[in-house]
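Heads up, target-v1.cif below (mmCIF, C-alpha atoms):
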data_start
#
loop_
_atom_site.label_atom_id
_atom_site.label_comp_id
_atom_site.auth_asym_id
_atom_site.auth_seq_id
_atom_site.Cartn_x
_atom_site.Cartn_y
_atom_site.Cartn_z
CA MET A 1 1.25 10.15 -26.42
CA THR A 2 -2.08 9.15 -24.91
CA THR A 3 -2.76 9.93 -21.29
CA GLY A 4 -6.07 8.19 -20.74
CA TYR A 5 -7.96 11.40 -20.01
CA GLN A 6 -8.95 12.77 -23.39
CA ASN A 7 -12.13 14.87 -23.70
CA ARG A 8 -12.80 14.65 -19.99
CA PRO A 9 -15.69 16.59 -18.44
CA GLU A 10 -15.03 18.73 -15.40
CA PRO A 11 -18.20 18.77 -13.28
CA LYS A 12 -18.20 20.55 -9.96
CA ILE A 13 -17.47 18.29 -6.97
CA GLY A 14 -19.59 18.82 -3.87
CA VAL A 15 -18.70 18.43 -0.20
CA ARG A 16 -19.91 14.87 0.29
CA PRO A 17 -17.25 13.14 -1.88
CA TRP A 18 -14.51 14.85 0.13
CA LEU A 19 -16.18 13.78 3.40
CA MET A 20 -16.34 10.19 2.13
CA LEU A 21 -12.68 10.42 1.12
CA ALA A 22 -11.70 11.71 4.57
CA MET A 23 -13.61 8.91 6.31
CA ALA A 24 -12.10 6.26 4.04
CA THR A 25 -8.57 7.59 4.57
CA LEU A 26 -9.07 7.67 8.34
CA GLY A 27 -10.35 4.09 8.31
CA PHE A 28 -7.40 2.96 6.20
CA ALA A 29 -4.90 4.66 8.53
CA LEU A 30 -6.46 3.21 11.70
CA ASN A 31 -6.58 -0.31 10.28
CA PHE A 32 -2.98 -0.02 9.12
CA TRP A 33 -2.06 1.19 12.61
CA ALA A 34 -3.53 -2.05 13.96
CA TRP A 35 -1.95 -4.13 11.18
CA ALA A 36 1.55 -2.94 12.15
CA LEU A 37 1.28 -3.36 15.94
CA LEU A 38 3.50 -6.42 16.23
CA SER A 39 6.54 -5.10 14.36
CA PRO A 40 7.62 -2.38 16.86
CA LEU A 41 7.23 -4.85 19.74
CA GLY A 42 9.21 -7.60 18.01
CA PRO A 43 12.43 -7.05 20.00
CA ARG A 44 10.47 -7.05 23.29
CA PHE A 45 8.75 -10.30 22.39
CA LYS A 46 12.09 -11.76 21.31
CA ASP A 47 13.68 -11.03 24.68
CA GLY A 48 10.65 -11.82 26.84
CA LEU A 49 9.74 -15.10 25.18
CA GLY A 50 13.24 -16.15 24.08
CA LEU A 51 12.34 -16.15 20.39
CA SER A 52 14.82 -16.86 17.63
CA ALA A 53 15.44 -14.33 14.87
CA PHE A 54 13.34 -16.48 12.53
CA GLN A 55 10.43 -16.58 14.98
CA GLN A 56 10.58 -12.81 15.40
CA ALA A 57 10.55 -12.34 11.62
CA LEU A 58 7.64 -14.78 11.33
CA LEU A 59 5.58 -12.74 13.80
CA VAL A 60 5.96 -9.68 11.60
CA ALA A 61 5.42 -11.57 8.35
CA VAL A 62 2.22 -13.44 9.20
CA PRO A 63 -0.19 -10.45 9.39
CA VAL A 64 1.42 -8.88 6.32
CA VAL A 65 1.00 -12.02 4.21
CA VAL A 66 -2.56 -12.65 5.41
CA GLY A 67 -3.50 -9.00 4.91
CA SER A 68 -2.02 -8.93 1.42
CA LEU A 69 -3.73 -12.11 0.23
CA GLY A 70 -6.95 -11.21 2.03
CA ARG A 71 -7.30 -8.14 -0.16
CA ILE A 72 -8.35 -10.36 -3.06
CA PRO A 73 -11.68 -11.61 -1.59
CA VAL A 74 -12.29 -8.38 0.35
CA GLY A 75 -11.93 -6.32 -2.83
CA ALA A 76 -14.47 -8.53 -4.59
CA LEU A 77 -16.83 -8.32 -1.60
CA THR A 78 -16.54 -4.52 -1.73
CA ASP A 79 -17.70 -4.57 -5.34
CA ARG A 80 -20.80 -6.38 -4.15
CA PHE A 81 -21.61 -4.81 -0.78
CA GLY A 82 -19.88 -1.42 -0.97
CA GLY A 83 -17.58 0.46 1.39
CA ARG A 84 -20.49 1.54 3.60
CA ILE A 85 -20.76 -2.02 4.88
CA MET A 86 -17.18 -3.23 4.45
CA PHE A 87 -15.32 -0.43 6.27
CA PRO A 88 -17.26 -0.78 9.57
CA LEU A 89 -17.22 -4.58 9.21
CA VAL A 90 -13.47 -4.95 8.72
CA SER A 91 -12.73 -2.35 11.42
CA GLY A 92 -15.04 -4.12 13.87
CA VAL A 93 -13.63 -7.57 13.12
CA THR A 94 -10.08 -6.27 13.59
CA ILE A 95 -10.90 -5.27 17.18
CA LEU A 96 -11.09 -8.94 18.18
CA PRO A 97 -7.49 -10.00 17.38
CA VAL A 98 -6.18 -6.65 18.67
CA LEU A 99 -7.79 -7.19 22.07
CA TYR A 100 -6.80 -10.87 22.11
CA LEU A 101 -3.16 -9.95 21.52
CA GLY A 102 -3.26 -7.27 24.22
CA VAL A 103 -4.98 -9.36 26.88
CA ALA A 104 -3.72 -12.91 26.37
CA GLY A 105 -2.04 -13.57 23.02
CA HIS A 106 1.22 -11.77 23.80
CA THR A 107 2.16 -14.26 26.53
CA SER A 108 3.22 -17.06 24.15
CA PHE A 109 4.62 -17.52 20.68
CA ALA A 110 1.60 -19.62 19.64
CA GLY A 111 -0.74 -16.90 20.91
CA LEU A 112 1.14 -14.23 18.99
CA LEU A 113 1.00 -16.26 15.78
CA THR A 114 -2.72 -16.90 16.20
CA GLY A 115 -3.48 -13.27 16.93
CA GLY A 116 -1.17 -12.10 14.15
CA PHE A 117 -2.93 -14.33 11.64
CA PHE A 118 -6.31 -12.76 12.34
CA LEU A 119 -4.74 -9.32 12.67
CA GLY A 120 -4.06 -9.64 8.96
CA VAL A 121 -7.73 -8.72 8.39
CA ALA A 122 -6.76 -5.10 9.07
CA GLY A 123 -4.46 -5.07 6.05
CA THR A 124 -7.38 -5.76 3.72
CA ALA A 125 -8.85 -2.27 4.31
CA PHE A 126 -6.87 -0.96 1.35
CA ALA A 127 -8.96 -3.04 -1.07
CA ILE A 128 -12.14 -1.44 0.31
CA GLY A 129 -11.11 2.17 -0.12
CA VAL A 130 -10.00 2.25 -3.75
CA PRO A 131 -13.35 1.19 -5.31
CA PHE A 132 -15.27 3.19 -2.69
CA VAL A 133 -13.36 6.41 -3.39
CA ARG A 134 -13.29 5.85 -7.15
CA ASP A 135 -17.08 5.76 -7.34
CA TRP A 136 -17.39 9.13 -5.56
CA PHE A 137 -15.13 11.10 -7.93
CA PRO A 138 -15.21 11.90 -11.66
CA ALA A 139 -12.43 10.58 -13.85
CA HIS A 140 -10.40 13.79 -13.83
CA ARG A 141 -10.13 13.75 -10.00
CA ARG A 142 -9.79 10.03 -9.27
CA GLY A 143 -6.00 9.99 -9.32
CA LEU A 144 -5.78 12.67 -6.64
CA ALA A 145 -8.59 11.16 -4.56
CA ILE A 146 -7.16 7.64 -4.61
CA GLY A 147 -3.69 9.02 -3.94
CA VAL A 148 -4.97 10.88 -0.87
CA PHE A 149 -6.64 7.69 0.32
CA GLY A 150 -3.40 5.78 -0.26
CA ALA A 151 -1.58 8.15 2.09
CA GLY A 152 -3.46 6.34 4.84
CA MET A 153 -0.65 3.79 4.69
CA GLY A 154 1.03 6.27 7.01
CA GLY A 155 -0.92 4.46 9.74
CA THR A 156 2.10 2.16 9.97
CA ALA A 157 4.13 5.21 11.01
CA ILE A 158 1.61 5.93 13.79
CA SER A 159 2.20 2.42 15.05
CA ALA A 160 5.98 2.77 14.83
CA LEU A 161 5.98 6.07 16.71
CA THR A 162 3.48 5.23 19.48
CA THR A 163 3.48 1.50 20.21
CA VAL A 164 6.75 1.19 22.11
CA ASP A 165 6.16 4.38 24.11
CA LEU A 166 2.64 3.32 25.09
CA ALA A 167 3.86 -0.11 26.14
CA GLY A 168 6.69 1.42 28.17
CA SER A 169 4.48 3.98 29.92
CA PHE A 170 1.30 2.01 30.54
CA GLY A 171 2.16 -1.65 30.07
CA LEU A 172 2.20 -4.05 27.13
CA THR A 173 -1.58 -4.18 26.92
CA ALA A 174 -1.94 -0.42 26.43
CA PRO A 175 -1.15 -0.03 22.70
CA PHE A 176 -3.62 -2.78 21.84
CA VAL A 177 -6.38 -1.27 23.99
CA PHE A 178 -5.81 2.21 22.54
CA THR A 179 -5.92 0.85 19.01
CA ALA A 180 -9.04 -1.22 19.68
CA ALA A 181 -10.79 1.83 21.13
CA ALA A 182 -9.90 3.92 18.08
CA LEU A 183 -11.20 1.21 15.76
CA ALA A 184 -14.43 0.90 17.74
CA CYS A 185 -15.05 4.64 17.54
CA TYR A 186 -14.34 4.66 13.85
CA ALA A 187 -16.56 1.65 13.12
CA ALA A 188 -19.47 3.30 14.97
CA VAL A 189 -19.06 6.65 13.20
CA ALA A 190 -18.47 5.03 9.80
CA ALA A 191 -21.65 2.97 10.11
CA VAL A 192 -23.60 6.23 10.47
CA VAL A 193 -21.68 8.57 8.15
CA LEU A 194 -20.47 6.47 5.22
CA ARG A 195 -22.60 6.25 2.09
CA ASP A 196 -21.88 4.50 -1.18
CA ALA A 197 -21.84 6.70 -4.27
CA PRO A 198 -25.17 7.20 -6.04
CA GLY A 199 -25.54 4.98 -9.08
CA ARG A 200 -22.82 2.56 -7.94
CA ASN A 201 -22.47 -0.33 -10.37
CA VAL A 202 -23.30 -3.44 -8.30
CA PRO A 203 -22.29 -6.79 -9.80
CA THR A 204 -24.75 -9.67 -9.57
CA GLU A 205 -22.47 -12.64 -10.35
CA PRO A 206 -21.21 -14.96 -7.58
CA LEU A 207 -17.93 -14.13 -5.82
CA ARG A 208 -16.00 -16.89 -7.57
CA SER A 209 -17.14 -15.73 -10.99
CA ARG A 210 -16.18 -12.12 -10.26
CA LEU A 211 -12.75 -13.09 -8.99
CA GLY A 212 -12.20 -15.28 -12.02
CA ALA A 213 -13.25 -12.48 -14.34
CA ALA A 214 -10.89 -10.04 -12.62
CA LEU A 215 -8.01 -12.50 -12.87
CA ARG A 216 -8.63 -12.89 -16.59
CA LEU A 217 -8.37 -9.17 -17.24
CA PRO A 218 -4.96 -8.23 -18.69
CA GLU A 219 -5.25 -4.91 -16.84
CA THR A 220 -5.16 -6.78 -13.54
CA TRP A 221 -1.76 -8.29 -14.26
CA GLU A 222 -0.36 -5.17 -15.89
CA CYS A 223 -1.16 -3.07 -12.83
CA SER A 224 -0.01 -5.87 -10.50
CA ALA A 225 3.41 -5.95 -12.16
CA LEU A 226 3.82 -2.20 -11.72
CA TYR A 227 2.61 -2.19 -8.13
CA THR A 228 4.93 -5.05 -7.23
CA VAL A 229 7.83 -2.78 -8.15
CA ALA A 230 6.35 0.46 -6.76
CA PHE A 231 4.81 -0.54 -3.45
CA GLY A 232 6.95 -3.65 -3.09
CA GLY A 233 10.02 -1.43 -3.38
CA TYR A 234 8.63 0.93 -0.74
CA VAL A 235 7.96 -1.95 1.67
CA ALA A 236 11.39 -3.44 1.02
CA PHE A 237 13.22 -0.19 1.73
CA SER A 238 11.09 0.42 4.82
CA VAL A 239 12.08 -2.97 6.18
CA TYR A 240 15.71 -3.16 5.09
CA LEU A 241 16.94 0.43 5.02
CA PRO A 242 17.97 0.63 8.72
CA ALA A 243 20.09 -2.51 8.40
CA TYR A 244 21.59 -1.26 5.13
CA LEU A 245 22.51 2.13 6.59
CA ARG A 246 24.08 0.60 9.69
CA THR A 247 26.17 -1.82 7.62
CA ALA A 248 27.10 0.36 4.64
CA TYR A 249 27.59 3.66 6.48
CA GLN A 250 28.18 2.59 10.11
CA LEU A 251 25.29 4.73 11.39
CA THR A 252 23.94 4.32 14.88
CA PRO A 253 20.61 2.45 15.16
CA ALA A 254 18.82 5.68 16.13
CA ASP A 255 20.26 7.62 13.18
CA ALA A 256 19.40 4.81 10.75
CA ALA A 257 15.84 4.61 12.11
CA ASN A 258 15.36 8.37 11.75
CA ARG A 259 16.55 8.31 8.15
CA MET A 260 14.22 5.40 7.42
CA ALA A 261 11.35 7.43 8.91
CA GLY A 262 12.20 10.29 6.54
CA PHE A 263 12.17 7.87 3.59
CA VAL A 264 8.75 6.54 4.61
CA LEU A 265 7.27 9.99 5.21
CA LEU A 266 8.35 11.30 1.81
CA ALA A 267 6.98 8.21 0.03
CA VAL A 268 3.64 8.61 1.83
CA LEU A 269 3.40 12.30 0.95
CA MET A 270 4.26 11.62 -2.69
CA ARG A 271 1.47 9.09 -3.13
CA PRO A 272 -1.30 11.72 -3.52
CA VAL A 273 1.10 13.83 -5.58
CA GLY A 274 1.49 10.87 -7.95
CA GLY A 275 -2.28 10.61 -8.22
CA TRP A 276 -2.64 14.36 -8.78
CA LEU A 277 0.00 14.33 -11.49
CA SER A 278 -1.75 11.37 -13.11
CA ASP A 279 -4.93 13.45 -13.35
CA ARG A 280 -3.03 16.13 -15.25
CA LEU A 281 -0.37 14.27 -17.19
CA GLY A 282 -1.82 10.77 -17.30
CA PRO A 283 -0.58 7.77 -15.29
CA LEU A 284 1.65 6.68 -18.18
CA HIS A 285 3.92 9.73 -17.82
CA VAL A 286 4.08 9.50 -14.04
CA LEU A 287 4.85 5.78 -14.00
CA GLY A 288 7.48 6.09 -16.72
CA GLY A 289 9.23 8.99 -15.02
CA SER A 290 9.10 7.31 -11.61
CA MET A 291 10.60 4.04 -12.86
CA ALA A 292 13.37 5.97 -14.58
CA VAL A 293 14.22 7.74 -11.31
CA VAL A 294 14.22 4.45 -9.35
CA ALA A 295 16.46 2.74 -11.90
CA THR A 296 18.90 5.64 -11.94
CA GLY A 297 18.90 6.01 -8.15
CA ALA A 298 19.54 2.31 -7.57
CA LEU A 299 22.41 2.37 -10.08
CA VAL A 300 24.02 5.35 -8.36
CA GLN A 301 23.58 3.80 -4.93
CA SER A 302 25.14 0.52 -6.04
CA PHE A 303 28.50 2.35 -5.91
CA THR A 304 27.84 3.33 -2.25
CA PRO A 305 28.48 7.05 -2.67
CA SER A 306 29.09 9.33 0.29
CA LEU A 307 25.93 9.61 2.36
CA LEU A 308 26.15 13.41 2.35
CA PRO A 309 24.98 14.71 0.03
CA LEU A 310 24.71 12.20 -2.85
CA GLY A 311 23.54 9.14 -0.92
CA THR A 312 20.84 11.11 0.88
CA ILE A 313 19.64 12.72 -2.35
CA THR A 314 19.56 9.32 -4.02
CA PHE A 315 17.48 7.67 -1.29
CA LEU A 316 15.03 10.58 -1.10
CA SER A 317 14.65 10.54 -4.88
CA ILE A 318 13.89 6.82 -4.80
CA ALA A 319 11.36 7.37 -1.99
CA ALA A 320 9.59 10.14 -3.91
CA ALA A 321 9.51 8.06 -7.10
CA LEU A 322 8.16 4.93 -5.38
CA GLY A 323 5.45 6.95 -3.63
CA ALA A 324 4.42 8.71 -6.85
CA ALA A 325 4.41 5.41 -8.77
CA SER A 326 2.18 3.81 -6.12
CA GLY A 327 -0.35 6.63 -6.49
CA ALA A 328 -0.17 6.50 -10.28
CA THR A 329 -0.71 2.73 -10.35
CA PHE A 330 -4.14 3.03 -8.76
CA ALA A 331 -5.00 5.99 -10.96
CA LEU A 332 -4.31 3.48 -13.74
CA VAL A 333 -6.54 0.86 -12.04
CA ALA A 334 -9.38 3.39 -11.77
CA LEU A 335 -8.92 4.24 -15.45
CA LEU A 336 -8.65 0.75 -16.96
CA ALA A 337 -10.65 -1.59 -14.73
CA PRO A 338 -14.36 -2.04 -15.47
CA ALA A 339 -16.50 -0.11 -12.95
CA ASN A 340 -17.98 -3.29 -11.41
CA ARG A 341 -14.56 -4.97 -11.13
CA VAL A 342 -12.48 -2.22 -9.51
CA GLY A 343 -12.62 -3.82 -6.05
CA ALA A 344 -11.61 -7.26 -7.31
CA VAL A 345 -8.80 -5.83 -9.44
CA THR A 346 -7.65 -3.65 -6.54
CA GLY A 347 -7.51 -6.70 -4.30
CA VAL A 348 -5.24 -8.59 -6.66
CA VAL A 349 -3.02 -5.58 -7.34
CA GLY A 350 -2.80 -4.73 -3.63
CA ALA A 351 -1.84 -8.31 -2.82
CA ALA A 352 0.91 -8.24 -5.43
CA GLY A 353 2.37 -5.06 -3.96
CA GLY A 354 2.25 -6.31 -0.38
CA LEU A 355 3.88 -9.62 -1.22
CA GLY A 356 6.42 -7.95 -3.51
CA GLY A 357 8.07 -6.31 -0.52
CA PHE A 358 9.38 -9.58 0.87
CA VAL A 359 11.66 -10.59 -1.98
CA PRO A 360 14.09 -7.62 -2.17
CA PRO A 361 15.24 -7.78 1.48
CA LEU A 362 15.98 -11.48 1.05
CA ILE A 363 18.02 -10.75 -2.09
CA MET A 364 19.90 -7.94 -0.37
CA GLY A 365 20.68 -10.13 2.63
CA VAL A 366 21.80 -13.12 0.57
CA THR A 367 23.99 -11.13 -1.82
CA TYR A 368 25.63 -9.22 1.02
CA GLY A 369 26.23 -12.46 2.92
CA GLN A 370 27.80 -14.11 -0.10
CA PHE A 371 29.81 -11.24 -1.57
CA GLY A 372 30.13 -8.65 1.19
CA THR A 373 28.53 -5.91 -0.93
CA TYR A 374 25.08 -4.53 -1.63
CA ALA A 375 25.99 -3.61 -5.21
CA LEU A 376 24.49 -6.77 -6.73
CA GLY A 377 21.18 -6.33 -4.91
CA LEU A 378 20.91 -2.69 -5.96
CA GLY A 379 21.94 -3.67 -9.48
CA ALA A 380 19.02 -6.11 -9.52
CA LEU A 381 16.70 -3.25 -8.53
CA THR A 382 18.10 -1.19 -11.40
CA ALA A 383 17.32 -4.02 -13.81
CA VAL A 384 13.78 -4.54 -12.45
CA ALA A 385 12.94 -0.82 -12.53
CA SER A 386 14.35 -0.55 -16.06
CA ALA A 387 12.19 -3.48 -17.15
CA ALA A 388 9.18 -1.79 -15.54
CA LEU A 389 9.98 1.38 -17.49
CA VAL A 390 10.07 -0.52 -20.77
CA PHE A 391 6.86 -2.34 -19.81
CA THR A 392 5.18 1.00 -19.07
CA VAL A 393 6.04 2.69 -22.36
CA THR A 394 5.06 -0.38 -24.41
CA THR A 395 2.39 -2.63 -22.87
CA VAL A 396 0.77 -0.04 -20.60
CA ARG A 397 0.79 2.57 -23.37
CA ARG A 398 -1.09 0.15 -25.64
CA ALA A 399 -3.61 -0.64 -22.88
CA ILE A 400 -4.35 3.06 -22.37
CA GLY A 401 -4.62 3.52 -26.12
CA ARG A 402 -7.23 0.75 -26.30
CA HIS A 403 -9.15 2.37 -23.45
CA ASP A 404 -9.10 5.77 -25.17
CA ALA A 405 -10.29 4.22 -28.42
CA ARG A 406 -13.23 2.52 -26.66
CA ALA A 407 -14.09 5.74 -24.81
CA MET A 408 -14.30 7.67 -28.09
CA GLN A 409 -16.70 5.22 -29.69
CA PRO A 410 -20.34 6.37 -29.75
CA ALA A 411 -22.58 4.71 -27.17
#
Show me the file's structure as structure tokens.
Amino acid sequence: MTTGYQNRPEPKIGVRPWLMLAMATLGFALNFWAWALLSPLGPRFKDGLGLSAFQQALLVAVPVVVGSLGRIPVGALTDRFGGRIMFPLVSGVTILPVLYLGVAGHTSFAGLLTGGFFLGVAGTAFAIGVPFVRDWFPAHRRGLAIGVFGAGMGGTAISALTTVDLAGSFGLTAPFVFTAAALACYAAVAAVVLRDAPGRNVPTEPLRSRLGAALRLPETWECSALYTVAFGGYVAFSVYLPAYLRTAYQLTPADAANRMAGFVLLAVLMRPVGGWLSDRLGPLHVLGGSMAVVATGALVQSFTPSLLPLGTITFLSIAAALGAASGATFALVALLAPANRVGAVTGVVGAAGGLGGFVPPLIMGVTYGQFGTYALGLGALTAVASAALVFTVTTVRRAIGRHDARAMQPA
């Protein structure tokens, strides 16, 4: 079976690539902290402004949708201008909606929607980091490096853990001011420290042409399909797991939230592990194994087993598999995408994953409302993960085989 890393050289990696990786990961985490500010405060806004459940959900959804779709142009712009410019730029632009929400936007529903729309810019930082990090590392270390960068999605956990406490201790403006200050410090340091990799392949075509070319690549859609399942599944569980645990197992809200936090933490930690394993085994093996675990776990959970120990083991296994698959997907992007298209491809794939997280909670809610059971929703996840497994060992295997054949041809 091909892995995509045949006959790979193993040059020594200096200090600078790791410094660039650390700066990129920090920038990703801080921007994701900002991106997730509205969600923890949703109940407070609901009570203070008399919002309906739909309005509260809309407040959370708007920055996520804008951030997911915004990754497409931002990824293409990163191909052209590089992470050295794009990281400070996106971080600096994000300060504006953060401060607006903290000072004035939080006083009305219209203000929250307006601020939330522009807050979506923060979610595009992911599309900057993947091509930036890829260019700094040789092929046999890109999976690990991109996986470490991807762990910056833990910035949403920072927001979840700090936002409500800061607002309660120092007032509603405080979490926004703290976040804006952190972004300002990062943007200033990044502007001085960040450097694009030597010999970076800079495209010369117009933005529209580059986006069109990326959309025509079969690799773009192959990786998008996998990331929709991997990261979309992670987002879906992060959003819906507390409600599921309270309904299916009658847990208290605090207990359900703590178990959700454990799910998120394990998925975040497994993302670099998935990249590291992809460097050694190839992304094909990691993606295939991960999808098999998700399909099996969802099938077991559809019978609502006892939470201790089987249910807990099942959920943690799914979390680990989704995290590893997310890391492996971008190891696959770094392997298959042309060097001057990685940003554009990353933008499309990242958008697919972000948007993919909205469908499963809707399915779970509708099926439970209609039939009084989560079995059908989890059965659908089993079917989707099984289809992704088949897709991996057929279509993705052939794509990696074509890449290996091209790599072995003489220059």
Next on the checklist: Please report the interatomic distance between CA of Arg44 (chain A) and CA of Leu245 (chain A) in Å with one decimal.
Outcome noted: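 According to the coordinates, CA of Arg44 (chain A) and CA of Leu245 (chain A) are separated by 22.5 Å.
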With the PyMOL selection byres ((chain A and resi 48-60) around 10) as the selection, what would be picked from this file? Answer as an mmCIF file with C-alpha atoms, in the coordinates of the input, please.
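The resulting selection32.cif:
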data_model
loop_
_atom_site.group_PDB
_atom_site.id
_atom_site.type_symbol
_atom_site.label_atom_id
_atom_site.label_comp_id
_atom_site.auth_asym_id
_atom_site.auth_seq_id
_atom_site.Cartn_x
_atom_site.Cartn_y
_atom_site.Cartn_z
ATOM 1 C CA TRP A 35 -1.950 -4.130 11.180
ATOM 2 C CA ALA A 36 1.550 -2.940 12.150
ATOM 3 C CA LEU A 37 1.280 -3.360 15.940
ATOM 4 C CA LEU A 38 3.500 -6.420 16.230
ATOM 5 C CA SER A 39 6.540 -5.100 14.360
ATOM 6 C CA PRO A 40 7.620 -2.380 16.860
ATOM 7 C CA LEU A 41 7.230 -4.850 19.740
ATOM 8 C CA GLY A 42 9.210 -7.600 18.010
ATOM 9 C CA PRO A 43 12.430 -7.050 20.000
ATOM 10 C CA ARG A 44 10.470 -7.050 23.290
ATOM 11 C CA PHE A 45 8.750 -10.300 22.390
ATOM 12 C CA LYS A 46 12.090 -11.760 21.310
ATOM 13 C CA ASP A 47 13.680 -11.030 24.680
ATOM 14 C CA ALA A 61 5.420 -11.570 8.350
ATOM 15 C CA VAL A 62 2.220 -13.440 9.200
ATOM 16 C CA PRO A 63 -0.190 -10.450 9.390
ATOM 17 C CA VAL A 64 1.420 -8.880 6.320
ATOM 18 C CA VAL A 65 1.000 -12.020 4.210
ATOM 19 C CA HIS A 106 1.220 -11.770 23.800
ATOM 20 C CA THR A 107 2.160 -14.260 26.530
ATOM 21 C CA SER A 108 3.220 -17.060 24.150
ATOM 22 C CA PHE A 109 4.620 -17.520 20.680
ATOM 23 C CA ALA A 110 1.600 -19.620 19.640
ATOM 24 C CA LEU A 112 1.140 -14.230 18.990
ATOM 25 C CA LEU A 113 1.000 -16.260 15.780
ATOM 26 C CA THR A 114 -2.720 -16.900 16.200
ATOM 27 C CA GLY A 115 -3.480 -13.270 16.930
ATOM 28 C CA GLY A 116 -1.170 -12.100 14.150
ATOM 29 C CA PHE A 117 -2.930 -14.330 11.640
#
Find the nearest atom pair between each residue of region 38-153 of chain A and region 187-192 of chain A for residues within 12 Å, count all atoms listed in the file, give distances in Å to one decimal, sort rows by chain and ascending number, and present the table as a Markdown table.
| residue | atom | partner | partner_atom | distance |
| --- | --- | --- | --- | --- |
| A:Gly83 | CA | A:Ala190 | CA | 9.6 |
| A:Arg84 | CA | A:Ala191 | CA | 6.8 |
| A:Ile85 | CA | A:Ala191 | CA | 7.3 |
| A:Met86 | CA | A:Ala191 | CA | 9.5 |
| A:Phe87 | CA | A:Ala190 | CA | 7.2 |
| A:Pro88 | CA | A:Ala187 | CA | 4.4 |
| A:Leu89 | CA | A:Ala187 | CA | 7.4 |
| A:Val90 | CA | A:Ala187 | CA | 8.5 |
| A:Ser91 | CA | A:Ala187 | CA | 5.8 |
| A:Gly92 | CA | A:Ala187 | CA | 6.0 |
| A:Val93 | CA | A:Ala187 | CA | 9.7 |
| A:Thr94 | CA | A:Ala187 | CA | 10.2 |
| A:Ile95 | CA | A:Ala187 | CA | 9.8 |
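The gap separating CA of Thr395 (chain A) from CA of Val333 (chain A) is 14.5 Å, in Å to one decimal.
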Tell me which protein, DNA and RNA residues are within 8 Å of Phe126 (chain A), counting only C-alpha atoms, leaving out same-chain ones fewer than 3 positions away, and put them as a compact mmCIF listing (two decimals) with C-alpha atoms, in the frame of the given file.
# COMPACT_ATOMS: atom_id res chain seq x y z
CA PHE A 28 -7.40 2.96 6.20
CA ARG A 71 -7.30 -8.14 -0.16
CA GLY A 123 -4.46 -5.07 6.05
CA GLY A 129 -11.11 2.17 -0.12
CA VAL A 130 -10.00 2.25 -3.75
CA GLY A 150 -3.40 5.78 -0.26
CA GLY A 350 -2.80 -4.73 -3.63
Checklist entry - Any idea what the distance is between CA of Thr162 (chain A) and CA of Ala180 (chain A)? => result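 Distance reported for this atom pair: 14.1 Å.
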Step by step, gather every atom of region 162-167 of chain A that the file lists, find the box along x, y and z that holds them, add 8 Å on each side, and finally give centre and edge lengths in Å to one decimal, as JSON.
{"center_x": 4.7, "center_y": 2.6, "center_z": 22.8, "size_x": 20.1, "size_y": 21.3, "size_z": 22.7}
Next on the checklist: Suppose a student applies the PyMOL selection byres ((chain A and resi 167-176) around 10) to this structure; what residues should they get, written as JSON, numbers by chain?
Outcome noted: {"A": [34, 37, 38, 41, 44, 95, 97, 98, 99, 100, 101, 102, 103, 104, 106, 159, 162, 163, 164, 165, 166, 177, 178, 179, 180, 181, 182]}
Item to check | Explicit residue set for the PyMOL selection byres ((chain A and resi 319) around 8), as JSON, numbers by chain | outcome: {"A": [234, 263, 264, 266, 267, 315, 316, 317, 318, 320, 321, 322, 323]}
Item to check | A:Leu269, A:Leu376, A:Ala76, A:Leu30 ranked by distance to Gln301 (chain A), top pick (using only C-alpha atoms) | outcome: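 Among the listed residues, the smallest separation from Gln301 (chain A) belongs to A:Leu376.
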Checklist entry - Taking all atoms listed in the file into account, which of A:Leu277, A:Val148, A:Tyr186, A:Ala344 comes nearest Leu69 (chain A)? => result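 Comparing A:Leu277, A:Val148, A:Tyr186, A:Ala344 against Leu69 (chain A), the winner is A:Ala344.
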Checklist entry - Of the candidates A:His140, A:His403, A:Arg80, A:Arg397, which shows the shortest atom-to-atom distance to Arg200 (chain A), using all atoms listed in the file? => result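 The shortest atom-to-atom distance to Arg200 (chain A) comes from A:Arg80.
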Checklist entry - Which neighbours of Gly311 (chain A) fall inside 12 Å, counting all atoms listed in the file, when residues of the same chain fewer than 6 positions from it are skipped, and could you give them as a PyMOL selection string? => result chain A and resi 245+248-249+259+297-305+317-318
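Of the listed residues (A:Pro138, A:Gly372, A:Gly379, A:Pro218), A:Pro218 comes nearest to Arg398 (chain A); the distances count only C-alpha atoms.
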